[in-house]
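Chemist: Quick one: structure below, then a few questions.
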Amino acid sequence: MTPGPLTLLLAIPLAGAAAAAAADARGERRLRAVGFAAMLLTFLVAAWVWLRFAPGVAGLQFEERAAWVPAVGMTYHLGVDGLSVSLIALVAFLFPIALGASAGQIRERVKPFVVTLLLLETGLLGTFLAQDLVLFYVFWEAMLVPMYFLIALWGGPARMRAAIKFFLYTMAGSVLMLLAIIAVYLNAAHQPGGSTFDLPALLARPLGVTGSAETLLFLAFAVAFAIKMPVWPLHTWLPDAYAASPPVVTVLLAGLMAKAGAYGLLRFCLPLFPDASRTLGPLLSGLAVIGILYGGAIAWTQRDMRRLLAYGSMSHMGFILLGIFALDATAVQGSLIQMINHGVSTGALFVLAGLLLDRTGRARTDEYGGVASLIPAFSAVTLIVVMSSLALPATNGFIGEFLILLGTFETRPAAAVVATVGVVVAVAYLLAFVGRVFHGPVREDLRGLADLTPRERALVAPLVLVIFWTGLYPQPLLERSAATVNALLNRVAGTTAVQPAAAHGGSPRAVTPDSPPAGGSPAAFAAGPGGRTGRQGR
Amino acid sequence: MSWRDLGAASPELVLTVAALAVLLYDAWTTGPSLESPRGGGAGWLALAGVALAVLLNAFPPAAPVAFAGMYVRDRLTQAVTLAALLGTGITVLLSPAYLNRFRLPAGEYYALVLFSAVGAILMGAARNLAVLFLGLEILSFPLYTLAALATRSRRSQEAGLKYLLLGAFGTAFFVYGVALVYGAAGTLDLSRLAGVPITPLLGVGVALLTIGLGFEAALAPFHAWAPDVYEGAPLPATAFMSVIAKVGAFAGFLRVFPLALPAASAQWSAALVAVAIVTMIWGNLAALFQTNLKRLLAYSSIAHAGYMLIGIAAPGPAGTLGVLYYLVVYAVMNLGAFGVLILLERRGEEADEIADLAGLWGRAPWAAGVLALCMVSLAGLPPTGGFIAKLYLFRAALEARHTALALVAVLTSVVSVYYYLRVAAAALSGTAPDAVAPRRSATVGIALALAGAGVLWFGILPSTLTAFVQQAVQALR
């Protein structure tokens, strides 16, 4: 096998980390330049993959497969499909921005910081690329280790506690998933075809898990992903970790790591355990609604800027969960696009909060006032990002939440109605945040606050650009995911009988009551021809 | 005995000859002064012996079964030998700087290390309970002496005595067990034990035998000696015994349980599951509260003995594969962790507190990196060998339907992350205390580089080692 673009996506940050590790620790500028170059190169490859990705194909593209540990049935299997292609681009997009934003925050131990950041990028990309259960788990856990060190070594005063709490929480969830992975593998041993950890190969045959065993395995996977998102009530690590991390690390935690959880649900829970997904769907929708309202309400009461944004982020992740377990094509499409939006908007919010913290060192919102008249450009950008975060039309947030609520209304109307209240709560806490910080009487001790420097403008400009681009023209995102989502939901809706063709998606099966016909749903309308050409998948 | 027999046992013979050569060389260069000269001649001799043994180990002998059926050099023996030689080789590389600094007798030290390795290998090659006992004794007697090697240190003397007394106790159990097995079965031949009807007498014999091996492996509740002995013994000796004793003991477990007594697995499996669960919980919980690194690593090694026992308690090829893979990985990662400690010195003494590690990053970045890597591996996190090793063991546990065992194993792994990452974070942050100084040593550097590379290699590209131990497992079926 010749290494393809996906291997390149893993190899470039890794090589960048090695280059940074070998470089002289005193040349800070050079170290940052090495890191930035590696991340930019990674982004270029990711953008190329995104552009060359054929919409309308449900199955995996750019697949790479090689033997890893043949004796145990582990394969090095990478691939992207509609679920992951945009997320890959998001990861590669946010990392250079985070590194750029770190210039004011990370002044000590720059070399290990750059190395750790690049290792984290490798882990995250691998998580979204891996198509083998063990390979996925390796990346899933491997990204925890750099994240632990990023919090523990460069965080605020409470960093050690927050870092270990974060690690133990997430790991406690994922070790159970590891057992579940092994159980799925061992079950497959009794099925024709033998044992393997290869996900498409497993999906192509009956898994041999039913009833309560399936529910248990589903839960073992889902809890791991729910902790990472986080889903209420498994969120208690989040405020500490978000507040104790350096702001740039929070960007990655909220913008990217949370997505790994949501992605895991779509990639593994739904296709591997369709029956359990359907039976437990209402429960998870309920948790999602609670999370939306709870996160919003707590955010409203917070005076610490980053805790406010942290709970707000949790509330928004609730929408994504709601969309996934509506088990409706429109809603899942909405969730996928909302993952990108949340990554961009929440990422941008934390970037801006970090820039503000660098300037003033003040974490509490009531220590600010009238900032808008002091640094107008900064305030304007913040306002745009806040608007996108509370789903104003013409921004990216609107498309996502609208599709989620629309789709959920079809299948779980009660949840959709209650969740709509969450949109209002988001308006309340975000506007309260804007009001306290940017408006009101000018605090005298804030005079002399510097506005965005040209370098900072260059950092936030791409974020603002994406916000409007997605808001006004979401078509490219939607058409890339439509076919995969339809195939996935067909699989979930179908009973235990599995057709081998369905493994790679593109099943031409008729749509069942759980998911309305693709042609009639707004998602398919938005997706244009993508929704229909999906049937031509292999 | 024929030339063929000697050929089968060639790695052990090479190590023995190397040990004798080391002793002679030491006597020759020391002369009447009774003080070992500085310089690493003895160390290089020992290393050459290990290297030659590694080479010989790579070739399977013409006739695996030797010495009238008492000895066997099959793929399993080869895998055990690999783990033992890896541990011994890295230990030999780690030691010279420390021996010079603390003026310990190099000749005796290396000879004892080599003899002990012979014992562990012999346990892996045992086809007869008498040979197993012989291996156990050859393994443990040098370890008692090594623990007490620092004659000027009271701690070291105490450690040696404690180890000797408790070890003798454990060995006594073992011999008594062997005697009872002979009484019940009428044979000491492990290959014939499978056909023997299960009687209470045989059961008691096997149980006593297990206690003896449990002492050596530091399984709860027979682990009490480990923290004190680990803390008191000189650092390289601690590092070595933490690895070689496990290799020998688990080779013994493999020879006795899954291989010799497969028919009775229902009986002993439940008991071993219980021991494994207690050991994992006890070792990991006790390690949480340690501030001394040697004690912390002692409890950690107890916990790892518990993990390895999973592979014995879950009989079958998957379990054996898991144990063998784990032994090799454990040897590398544990010695890597100890190796970094050997580099540190606090005012002419060992620097073995966690606080002593602070600021290591600024002074010796690569050593701190290897320490962090080994800690991540000991915690069983990817992308290191520790993860793959645990994955294999968890698979074995679930395959044998020991769900509770697997659950305890993964949850205690989560607990272990807490103390391992505390050590790693200590080394990577803070400011260095003035009293502690990292020493430079080329051989330790090589050993650390090997350990770090090994940990990553076994974690990222596990197929080579997996295929190797897989062969060992298949050859047995």
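Residue numbering restarts at 1 for every chain of the structure tokens, chains are lettered A, B, ... in their displayed order, and ligands are numbered from 1 as they appear.
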Considering only C-alpha atoms, return as a VMD selection string whatever protein or nucleic-acid residues lie within 8 Å of Gly35 of chain A, sequence-local ones (same chain, fewer than 3 positions apart) excluded.

Modeler: chain A and resid 16 to 17 20 31 to 32 38 to 39 99 114 to 115 118

Chemist: Keeping N, CA and C atoms for every residue in the selection just given, could you write it to a file as an mmCIF file, in the first residue's frame?

Modeler:
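Output file again_16.cif is given in full below:
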```cif
data_model
loop_
_atom_site.group_PDB
_atom_site.id
_atom_site.type_symbol
_atom_site.label_atom_id
_atom_site.label_comp_id
_atom_site.auth_asym_id
_atom_site.auth_seq_id
_atom_site.Cartn_x
_atom_site.Cartn_y
_atom_site.Cartn_z
ATOM 1 N N GLY A 16 6.011 17.104 12.185
ATOM 2 C CA GLY A 16 6.196 18.441 12.749
ATOM 3 C C GLY A 16 6.591 18.361 14.211
ATOM 4 N N ALA A 17 5.944 17.444 14.955
ATOM 5 C CA ALA A 17 6.277 17.284 16.365
ATOM 6 C C ALA A 17 7.726 16.837 16.519
ATOM 7 N N ALA A 20 9.964 19.762 15.771
ATOM 8 C CA ALA A 20 9.981 20.724 16.869
ATOM 9 C C ALA A 20 10.762 20.175 18.055
ATOM 10 N N LEU A 31 10.424 27.784 16.624
ATOM 11 C CA LEU A 31 9.584 26.659 17.056
ATOM 12 C C LEU A 31 8.133 26.874 16.644
ATOM 13 N N ARG A 32 7.643 28.082 16.911
ATOM 14 C CA ARG A 32 6.264 28.372 16.519
ATOM 15 C C ARG A 32 6.105 28.270 15.007
ATOM 16 N N ALA A 38 3.682 23.061 9.944
ATOM 17 C CA ALA A 38 3.134 21.703 9.921
ATOM 18 C C ALA A 38 1.618 21.736 9.917
ATOM 19 N N MET A 39 1.044 22.615 10.743
ATOM 20 C CA MET A 39 -0.419 22.675 10.834
ATOM 21 C C MET A 39 -1.023 23.210 9.530
ATOM 22 N N LEU A 99 -2.806 27.772 17.661
ATOM 23 C CA LEU A 99 -1.367 28.014 17.877
ATOM 24 C C LEU A 99 -1.072 29.503 17.748
ATOM 25 N N VAL A 114 4.486 23.260 21.698
ATOM 26 C CA VAL A 114 4.275 23.030 20.265
ATOM 27 C C VAL A 114 4.237 21.532 19.971
ATOM 28 N N VAL A 115 5.162 20.795 20.592
ATOM 29 C CA VAL A 115 5.203 19.343 20.357
ATOM 30 C C VAL A 115 3.894 18.699 20.805
ATOM 31 N N LEU A 118 0.964 19.414 18.501
ATOM 32 C CA LEU A 118 0.994 18.647 17.259
ATOM 33 C C LEU A 118 0.605 17.189 17.508
#
```

Chemist: Can you write out as a Markdown table which residues of chain A fall within 6 Å of chain B, alongside each residue's closest atom pair and its distance in Å to one decimal, counting only C-alpha atoms and ordering rows by chain and ascending residue number?

Modeler:
```
| residue | atom | partner | partner_atom | distance |
| --- | --- | --- | --- | --- |
| A:Val69 | CA | B:Ser463 | CA | 4.6 |
| A:Val138 | CA | B:Pro382 | CA | 5.2 |
| A:Ala142 | CA | B:Pro382 | CA | 5.3 |
| A:Val175 | CA | B:Val410 | CA | 5.9 |
```

Chemist: Would you output that residue set with C-alpha atoms, as a PDB file, in the first residue's frame?

Modeler:
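See again.pdb below for the written result:
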```pdb
ATOM      1  CA  VAL A  69      -1.605  -6.930  13.727  1.00  0.00           C
ATOM      2  CA  VAL A 138      -5.752   4.075  20.266  1.00  0.00           C
ATOM      3  CA  ALA A 142      -3.867   8.881  22.794  1.00  0.00           C
ATOM      4  CA  VAL A 175     -12.169   1.716  29.390  1.00  0.00           C
TER       5      VAL A 175
END
```

Chemist: Can you pull out the residues contacting Val22 of chain B? Cut-off 8 Å, using only C-alpha atoms, and skip same-chain residues under 5 positions away; I want them as a ChimeraX atom specification.

Modeler: /B:42,45-46,107,110-111

Chemist: May I have the selected residues written with C-alpha atoms, as a PDB file, in the first residue's frame?

Modeler:
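File produced: again28.pdb:
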```
ATOM      1  CA  ALA B  42      32.962  -6.498  34.086  1.00  0.00           C
ATOM      2  CA  LEU B  45      31.749  -8.834  29.698  1.00  0.00           C
ATOM      3  CA  ALA B  46      28.273  -9.313  31.087  1.00  0.00           C
ATOM      4  CA  GLY B 107      32.161  -8.170  39.749  1.00  0.00           C
ATOM      5  CA  TYR B 110      27.114  -8.570  37.358  1.00  0.00           C
ATOM      6  CA  ALA B 111      27.746 -12.211  38.155  1.00  0.00           C
TER       7      ALA B 111
END
```

Chemist: DSSP on the backbone, then: every residue of segment 59-300 of chain B marked helix (DSSP H, G or I), written as a PyMOL selection string.

Modeler: chain B and resi 75-102+106-124+129-147+154-185+190-193+200-217+225-232+235-256+262-288+293-300

Chemist: Calculate how many Å separate atom CA of Ala415 of chain A from atom CA of Leu403 of chain A, rounding to one decimal.

Modeler: 14.2 Å

Chemist: Excluding same-chain residues fewer than 2 positions from Val344 of chain A, what lies within 8 Å of it counting only C-alpha atoms, as a PDB file with C-alpha atoms, in the first residue's frame?

Modeler:
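And here is the file that came out, selection.pdb:
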```
ATOM      1  CA  LEU A  90     -12.507  21.616  11.020  1.00  0.00           C
ATOM      2  CA  LEU A  94      -8.752  25.278  14.124  1.00  0.00           C
ATOM      3  CA  GLY A 255     -14.244  23.132  19.610  1.00  0.00           C
ATOM      4  CA  ILE A 340     -18.869  22.335  12.504  1.00  0.00           C
ATOM      5  CA  ASN A 341     -20.673  25.486  13.618  1.00  0.00           C
ATOM      6  CA  HIS A 342     -20.139  24.779  17.265  1.00  0.00           C
ATOM      7  CA  THR A 346     -17.434  28.276  20.382  1.00  0.00           C
ATOM      8  CA  GLY A 347     -13.829  28.047  19.288  1.00  0.00           C
ATOM      9  CA  ALA A 348     -13.991  31.688  18.243  1.00  0.00           C
ATOM     10  CA  LEU A 463     -13.459  32.312  11.694  1.00  0.00           C
ATOM     11  CA  VAL A 466     -16.648  30.631   7.902  1.00  0.00           C
ATOM     12  CA  ILE A 467     -19.502  31.837  10.090  1.00  0.00           C
TER      13      ILE A 467
END
```

Chemist: I'd like the interatomic distance between atom CA of Glu28 of chain A and atom CA of Ile97 of chain A, to a tenth of an Å.

Modeler: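 That distance, rounded to one decimal, is 17.4 Å.
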
Chemist: Nearest to Thr29 of chain B: which of B:Ala120, B:Ala106, B:Leu86, B:Ala58 is it, counting only C-alpha atoms?

Modeler: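 Among the listed residues, the smallest separation from Thr29 of chain B belongs to B:Ala106.
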
Chemist: Nearest to Ala189 of chain A among A:Gly261, A:Phe62, A:Gly208, A:Leu124, with distances taken over only C-alpha atoms: which residue is it?

Modeler: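 Under the stated criterion, the closest residue is A:Gly208.
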
Chemist: Go through B:His402, B:Ala331, B:Leu371, B:Phe173 and flag the residue nearest Leu272 of chain B, using only C-alpha atoms for the distances.

Modeler: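 Selected residue with least distance to Leu272 of chain B: B:His402.
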
Chemist: Could you check the closest approach to Ala416 of chain A for each of A:Leu477, A:Leu352, A:Leu489, A:Ala288 and tell me which residue wins, using only C-alpha atoms?

Modeler: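 Ranked by minimum distance to Ala416 of chain A, first place goes to A:Ala288.
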
Chemist: Rounded to one decimal in Å, what is the spacing between atom CA of Leu135 of chain A and atom CA of Leu186 of chain A?

Modeler: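 Pair atom CA of Leu135 of chain A / atom CA of Leu186 of chain A returns 16.6 Å.
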
Chemist: Which residues are near Gly286 of chain A? Cut-off 9 Å, only C-alpha atoms, ignore same chain within fewer than 4 positions. Put them as a list of chain:residue names.

Modeler: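 Here the answer would be A:Gly281, A:Pro282, A:Ile290, A:Gly291, A:Leu322, A:Ala415.
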
Chemist: If we count only C-alpha atoms, what is near Pro157 of chain A at a cut-off of 12 Å, once residues fewer than 2 positions away on the same chain are taken out, given as a list in words?

Modeler: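 Near neighbours after the sequence-gap exclusion: Ile151, Ala152, Leu153, Trp154, Gly155, Arg159, Met160, Arg161, Ala162, Ala163, Asp240, Ala241, Ala243, Ala244, Ser245 and Pro246 of chain A.
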